[in-house]
file query-v2.txt (compact mmCIF, C-alpha atoms)
# COMPACT_ATOMS: atom_id res chain seq x y z
CA MET A 14 0.00 0.00 0.00
CA ALA A 15 3.02 2.26 0.20
CA ALA A 16 2.89 3.43 -3.38
CA PRO A 17 -0.75 4.57 -3.64
CA PHE A 18 -0.50 6.29 -0.22
CA TRP A 19 2.62 8.06 -1.36
CA ALA A 20 1.11 8.91 -4.75
CA ASP A 21 -1.78 10.68 -3.01
CA HIS A 22 0.76 13.39 -2.11
CA HIS A 23 2.20 13.92 -5.58
CA ASP A 24 -0.38 16.36 -6.90
CA ALA A 25 -0.11 18.68 -3.89
CA ALA A 26 3.69 18.83 -4.19
CA ASN A 27 3.44 19.27 -7.92
CA LEU A 28 1.44 22.50 -7.56
CA HIS A 29 4.79 24.04 -6.68
CA LEU A 30 7.46 21.68 -8.06
CA ALA A 31 6.26 22.17 -11.62
CA HIS A 32 7.09 25.87 -11.25
CA HIS A 33 10.48 25.29 -9.70
CA ASP A 34 12.45 23.42 -12.35
CA VAL A 35 11.45 19.98 -11.12
CA THR A 36 9.28 17.50 -12.96
CA LEU A 37 7.70 14.73 -10.91
CA VAL A 38 6.84 11.55 -12.77
CA ALA A 39 5.53 8.25 -11.46
CA VAL A 40 6.71 5.05 -13.10
CA SER A 41 5.23 1.57 -12.92
CA ARG A 42 5.85 -1.66 -14.75
CA GLY A 43 2.14 -2.13 -15.37
CA THR A 44 0.88 -1.37 -18.85
CA TRP A 45 -0.17 2.14 -19.80
CA TRP A 46 -3.78 0.98 -20.06
CA ASP A 47 -3.73 -0.34 -16.45
CA ILE A 48 -2.08 2.82 -15.22
CA GLU A 49 -4.58 5.11 -16.91
CA ARG A 50 -7.53 3.13 -15.56
CA PHE A 51 -6.22 3.24 -11.99
CA LYS A 52 -5.19 6.89 -12.24
CA THR A 53 -8.71 7.83 -13.32
CA ARG A 54 -10.19 5.90 -10.41
CA MET A 55 -7.87 7.68 -7.94
CA ASP A 56 -8.42 11.08 -9.61
CA TRP A 57 -4.68 11.67 -9.80
CA LYS A 58 -3.35 14.36 -12.14
CA PHE A 59 0.43 13.81 -11.98
CA LYS A 60 2.21 12.25 -14.92
CA TRP A 61 2.44 8.49 -14.63
CA VAL A 62 4.17 6.43 -17.26
CA SER A 63 4.65 2.74 -17.90
CA SER A 64 8.10 1.18 -17.95
CA TYR A 65 6.63 -2.07 -19.26
CA GLY A 66 9.28 -3.90 -21.28
CA SER A 67 12.02 -1.45 -20.20
CA ASP A 68 14.98 -2.08 -17.87
CA PHE A 69 14.29 1.13 -15.96
CA ASN A 70 12.84 -0.42 -12.78
CA TYR A 71 15.57 -3.08 -12.71
CA ASP A 72 18.38 -0.61 -13.37
CA PHE A 73 17.24 1.53 -10.45
CA HIS A 74 16.70 -1.45 -8.13
CA VAL A 75 12.99 -1.45 -7.44
CA SER A 76 12.05 -4.48 -9.56
CA PHE A 77 13.72 -7.87 -9.39
CA ASN A 78 13.73 -10.62 -12.00
CA GLU A 79 12.86 -14.26 -11.40
CA ASP A 80 16.49 -15.33 -11.55
CA GLN A 81 17.51 -12.85 -8.83
CA ILE A 82 14.59 -13.96 -6.64
CA ALA A 83 15.31 -17.70 -7.18
CA LYS A 84 18.97 -17.25 -6.25
CA GLY A 85 18.18 -15.02 -3.29
CA GLU A 86 20.24 -12.29 -4.90
CA VAL A 87 17.84 -9.39 -4.51
CA TYR A 88 19.48 -6.09 -3.65
CA TYR A 89 17.24 -3.37 -2.28
CA ASN A 90 18.17 -0.23 -0.38
CA TYR A 91 21.86 -0.95 -1.05
CA GLU A 92 21.91 -4.35 0.66
CA ARG A 93 20.98 -7.94 -0.08
CA LEU A 94 17.52 -8.84 1.19
CA GLU A 95 17.47 -11.73 3.65
CA ASP A 96 14.06 -12.87 2.47
CA ALA A 97 13.46 -12.00 -1.15
CA THR A 98 10.59 -14.37 -1.79
CA GLY A 99 7.88 -11.81 -1.12
CA CYS A 100 7.63 -9.77 -4.26
CA GLU A 101 9.02 -8.69 -7.55
CA GLU A 102 9.25 -5.04 -6.63
CA LEU A 103 9.47 -2.58 -3.79
CA PRO A 104 8.98 1.21 -3.65
CA GLY A 105 11.72 3.70 -4.35
CA PHE A 106 12.44 7.01 -5.99
CA SER A 107 15.25 8.30 -8.14
CA VAL A 108 16.38 11.76 -9.17
CA PHE A 109 17.98 12.76 -12.46
CA TYR A 110 19.54 15.96 -13.75
CA LYS A 111 19.69 17.14 -17.35
CA ASN A 112 22.41 19.64 -18.14
CA ALA A 113 22.55 22.33 -20.83
CA SER A 114 23.95 19.78 -23.28
CA SER A 115 20.97 17.49 -22.60
CA GLU A 116 23.17 14.89 -20.92
CA ILE A 117 21.32 13.02 -18.18
CA PHE A 118 22.79 12.07 -14.82
CA HIS A 119 21.45 9.90 -12.02
CA THR A 120 21.95 11.92 -8.85
CA TYR A 121 20.06 10.08 -6.10
CA SER A 122 17.89 7.10 -5.25
CA GLY A 123 16.07 6.43 -1.99
CA TYR A 124 14.25 3.29 -0.89
CA ALA A 125 12.23 1.95 2.02
CA ARG A 126 11.94 4.55 4.79
CA ALA A 127 13.82 7.15 2.77
CA GLY A 128 10.36 7.79 1.34
CA ASP A 129 8.83 8.52 4.77
CA ILE A 130 9.56 12.20 4.54
CA LEU A 131 7.67 12.42 1.22
CA ILE A 132 4.50 11.07 2.81
CA CYS A 133 3.01 14.20 4.28
CA ALA A 134 0.21 12.40 6.14
CA TYR A 135 2.86 10.61 8.22
CA ASN A 136 4.49 13.92 9.09
CA TYR A 137 1.16 15.21 10.39
CA LEU A 138 0.55 12.01 12.36
CA ASP A 139 4.00 12.26 13.95
CA HIS A 140 2.75 15.40 15.76
CA THR A 141 -0.33 13.82 17.31
CA PRO A 142 -0.74 11.83 20.58
CA LYS A 143 -1.36 8.49 18.86
CA GLY A 144 1.40 9.03 16.33
CA ARG A 145 1.18 6.74 13.30
CA ASN A 146 -1.18 4.51 15.27
CA GLU A 147 -0.23 1.33 13.46
CA GLN A 148 0.98 -2.14 14.42
CA ARG A 149 2.72 -2.74 11.12
CA THR A 150 3.80 -0.12 8.58
CA MET A 151 0.71 1.30 6.85
CA ASP A 152 -1.59 -1.46 8.14
CA TRP A 153 -4.39 1.10 8.38
CA VAL A 154 -3.92 2.67 4.96
CA ARG A 155 -6.48 1.99 2.24
CA HIS A 156 -6.91 3.39 -1.24
CA HIS A 157 -8.37 6.82 -0.53
CA ASP A 158 -11.72 5.83 -2.05
CA SER A 159 -11.96 2.72 0.15
CA TYR A 160 -12.15 4.18 3.68
CA GLU A 161 -15.37 3.91 5.64
CA ARG A 162 -17.33 7.12 5.33
CA GLN A 163 -17.10 8.25 8.98
CA PRO A 164 -13.60 7.94 10.44
CA ALA A 165 -13.89 7.77 14.22
CA GLY A 166 -11.94 6.86 17.32
CA THR A 167 -12.96 3.60 18.97
CA HIS A 168 -14.43 5.34 22.01
CA GLY A 169 -15.29 8.69 20.57
CA GLN A 170 -11.88 10.23 21.28
CA SER A 171 -10.49 12.34 18.53
CA GLU A 172 -7.37 14.30 17.82
CA SER A 173 -7.31 17.73 16.29
CA LEU A 174 -4.44 19.25 14.43
CA LEU A 175 -4.97 22.91 13.66
CA THR A 176 -2.88 24.84 11.22
CA SER A 177 -2.61 28.57 10.83
CA MET C 8 9.52 -1.68 16.36
CA ILE C 9 7.78 1.47 17.51
CA THR C 10 4.81 1.09 19.82
CA TYR C 11 2.22 3.84 19.56
CA PRO C 12 -0.17 4.88 22.36
CA THR C 13 -3.71 3.55 22.32
CA SER C 14 -6.93 5.24 23.46
CA GLU C 15 -6.66 3.14 26.64
CA SER C 16 -3.06 4.04 27.42
CA LEU C 17 -3.77 7.74 26.74
CA GLU C 18 -6.35 7.70 29.55
CA LEU C 19 -3.34 7.48 31.89
CA HIS C 20 -1.25 10.12 30.12
CA ALA C 21 0.47 12.75 32.29
CA VAL C 22 -1.42 16.04 32.63
CA VAL C 23 0.51 19.00 34.07
CA SER C 24 0.33 22.79 34.52
CA ASN C 25 1.14 25.20 31.66
CA GLU C 26 4.43 26.03 33.35
CA GLN C 27 5.50 22.40 33.65
CA TRP C 28 4.38 21.72 30.09
CA LEU C 29 6.54 24.58 28.81
CA ILE C 30 9.64 23.15 30.50
CA ALA C 31 9.07 19.74 28.86
CA ARG C 32 8.27 21.34 25.51
CA LYS C 33 11.49 23.37 25.53
CA GLU C 34 13.49 20.22 26.24
CA LEU C 35 11.95 18.61 23.16
CA LEU C 36 12.58 21.78 21.14
CA LYS C 37 16.32 21.28 21.67
CA LYS C 38 16.08 17.85 20.02
CA GLU C 39 13.85 19.21 17.24
CA LYS C 40 16.45 21.86 16.47
CA GLU C 41 19.15 19.18 16.37
CA LEU C 42 17.04 17.28 13.84
CA THR C 43 16.47 20.39 11.72
CA ARG C 44 20.18 21.10 11.58
CA LEU C 45 20.99 17.44 10.88
CA ARG C 46 18.39 17.38 8.08
CA ASP C 47 19.97 20.50 6.54
CA GLU C 48 23.38 18.84 6.74
CA ILE C 49 22.12 15.60 5.16
CA SER C 50 20.36 17.56 2.39
CA ALA C 51 23.61 19.37 1.66
CA ARG C 52 25.51 16.07 1.51
CA ARG C 53 22.82 14.67 -0.79
CA ARG C 54 23.37 17.61 -3.16
CA GLU C 55 27.12 16.99 -3.01
CA LEU C 56 26.87 13.31 -4.01
CA PRO C 57 28.65 12.63 -7.29
CA TRP C 58 26.50 11.74 -10.30
CA VAL C 59 26.43 8.83 -12.71
CA ARG C 60 25.88 9.47 -16.40
CA VAL C 61 22.81 7.64 -17.74
CA LYS C 62 23.89 5.97 -20.96
CA LYS C 63 20.92 3.73 -21.61
CA ASN C 64 18.01 5.16 -23.55
CA HIS C 65 15.05 4.06 -21.43
CA VAL C 66 11.71 4.32 -23.18
CA PHE C 67 8.37 4.71 -21.44
CA GLU C 68 4.75 4.63 -22.53
CA GLY C 69 2.62 7.52 -21.33
CA PRO C 70 -0.05 10.05 -22.25
CA ASN C 71 2.13 11.33 -25.10
CA GLY C 72 2.86 7.87 -26.46
CA ARG C 73 6.43 6.56 -26.33
CA GLU C 74 8.78 8.93 -24.48
CA THR C 75 12.43 8.73 -23.55
CA LEU C 76 13.88 9.64 -20.17
CA ALA C 77 14.97 12.98 -21.67
CA ASP C 78 11.41 13.69 -22.85
CA LEU C 79 10.04 13.21 -19.33
CA PHE C 80 11.94 16.23 -18.00
CA GLU C 81 9.52 18.47 -19.94
CA GLY C 82 11.89 21.41 -19.88
CA ALA C 83 12.91 21.19 -16.22
CA ALA C 84 16.48 20.54 -15.11
CA SER C 85 15.60 17.97 -12.48
CA CYS C 86 13.30 15.05 -12.81
CA SER C 87 12.20 13.01 -9.83
CA PHE C 88 10.60 9.63 -10.29
CA SER C 89 8.55 7.77 -7.79
CA ILE C 90 8.38 4.15 -8.71
CA SER C 91 5.12 2.55 -7.80
CA CYS C 92 4.20 -1.04 -7.34
CA LEU C 93 1.71 -1.31 -10.14
CA VAL C 94 2.92 -4.48 -11.72
CA PRO C 95 1.93 -6.10 -14.99
CA ALA C 96 -1.08 -8.40 -14.76
CA GLY C 97 -0.10 -11.87 -13.56
CA LYS C 98 3.01 -10.59 -11.74
CA ARG C 99 3.44 -10.34 -8.01
CA GLY C 100 3.58 -6.90 -6.45
CA CYS C 101 4.44 -6.15 -2.85
CA ASP C 102 2.15 -7.59 -0.23
CA GLY C 103 -0.86 -5.29 -0.07
CA CYS C 104 0.72 -2.97 -2.57
CA SER C 105 -0.38 -4.35 -5.88
CA PHE C 106 -3.64 -2.88 -7.04
CA LEU C 107 -4.27 -4.87 -10.16
CA GLY C 108 -6.32 -7.99 -10.58
CA GLY C 109 -9.46 -7.13 -8.70
CA PRO C 110 -10.87 -4.86 -6.03
CA PRO C 111 -8.49 -3.55 -3.36

call {"tool": "encode", "arguments": {"input": "query-v2.txt", "output": "structure tokens"}}
result
Amino acid sequence: MAAPFWADHHDAANLHLAHHDVTLVAVSRGTWWDIERFKTRMDWKFKWVSSYGSDFNYDFHVSFNEDQIAKGEVYYNYERLEDATGCEELPGFSVFYKNASSEIFHTYSGYARAGDILICAYNYLDHTPKGRNEQRTMDWVRHHDSYERQPAGTHGQSESLLTS
Amino acid sequence: MITYPTSESLELHAVVSNEQWLIARKELLKKEKELTRLRDEISARRRELPWVRVKKNHVFEGPNGRETLADLFEGAASCSFSISCLVPAGKRGCDGCSFLGGPP
């Protein structure tokens, strides 16, 4: 659930990033048709492209091929995963720079909890009495159109976070 | 693992005077300032990391059809990609992360 939760924050950031020399693009290995269908459902506006058939996800260490998984040679977040049987990909983000000669450079990649700071809802929760209020990372997170209509505390308690 | 307070445990949470609260809050502020300065330092070191030239011509499919990595910059100098776990049909995404192949 990390990726959709994270993606919910892209459009808000993009209101400003797009005017500050930074382009934010989401990439998935799913086909363009699948991406477009899900993007419409989530009402997301940011650019989201398909890397289907490309090495991009593998080159930047967020997707792993069957051979790597079978041999237990999956490297994620700059180390070998102890248990790599779980999945073919994990979340991450990479940054590139294009110079005046249109040469492209890879400048940064972050994985796992490096993405925490980009999830604004977590930063709000970190200032409240119950904190992230989860047993396991993101165990409470749903697609934003799948929450029950009335969020409520179990015994009517609630937390307020006012901004000015 | 981090344990977060529950509604039950918060019933027993310390409640103090404004004056006592301010003392505790200022103690925390010292740590918050340390974090702010450390974050600034880490951000500076991130900017100072050396770069690696991208030689491969990755091609993507998007709203404008087939686009290269260079196309995706759309005129900006920096391009940041978030890579999401939307996997091709029939493939395994992360536990709870894949949103293809049926309702969430």

call {"tool": "interface_residues", "arguments": {"input": "query-v2.txt", "of": "chain A", "to": "chain C", "cutoff": "6 Å", "atoms": "all atoms listed in the file", "output": "number ranges by chain"}}
result
A: 14, 16, 34-43, 62-64, 100-102, 104-111, 117-120, 143, 146

call {"tool": "atom_distance", "arguments": {"input": "query-v2.txt", "atom1": "CA of Gly144 (chain A)", "atom2": "CA of Ile130 (chain A)"}}
result
14.7 Å

call {"tool": "atom_distance", "arguments": {"input": "query-v2.txt", "atom1": "CA of Gln27 (chain C)", "atom2": "CA of Leu45 (chain C)"}}
result
28.0 Å

call {"tool": "residues_around", "arguments": {"input": "query-v2.txt", "residues": "Leu131 (chain A)", "least_positions_apart": "4", "cutoff": "9 Å", "atoms": "all atoms listed in the file", "output": "list in words"}}
result
Trp19, His22, His23, Ala127, Tyr135 and Asn136 of chain A

call {"tool": "atom_distance", "arguments": {"input": "query-v2.txt", "atom1": "CA of Arg93 (chain A)", "atom2": "CA of Val75 (chain A)"}}
result
12.7 Å

call {"tool": "axis_aligned_box", "arguments": {"input": "query-v2.txt", "around": "region 68-73 of chain A", "padding_each_side": "4 Å", "output": "JSON"}}
result
{"center_x": 15.6, "center_y": -0.8, "center_z": -14.2, "size_x": 13.5, "size_y": 12.6, "size_z": 15.4}

call {"tool": "residues_around", "arguments": {"input": "query-v2.txt", "residues": "Arg54 (chain A)", "least_positions_apart": "5", "cutoff": "10 Å", "atoms": "only C-alpha atoms", "output": "list of chain:residue names"}}
result
A:Ile48, A:Glu49, A:Asp158

call {"tool": "write_last_selection", "arguments": {"input": "query-v2.txt", "atoms": "C-alpha atoms", "output": "mmCIF file, in the frame of the given file"}}
result
data_model
loop_
_atom_site.group_PDB
_atom_site.id
_atom_site.type_symbol
_atom_site.label_atom_id
_atom_site.label_comp_id
_atom_site.auth_asym_id
_atom_site.auth_seq_id
_atom_site.Cartn_x
_atom_site.Cartn_y
_atom_site.Cartn_z
ATOM 1 C CA ILE A 48 -2.080 2.820 -15.220
ATOM 2 C CA GLU A 49 -4.580 5.110 -16.910
ATOM 3 C CA ASP A 158 -11.720 5.830 -2.050
#
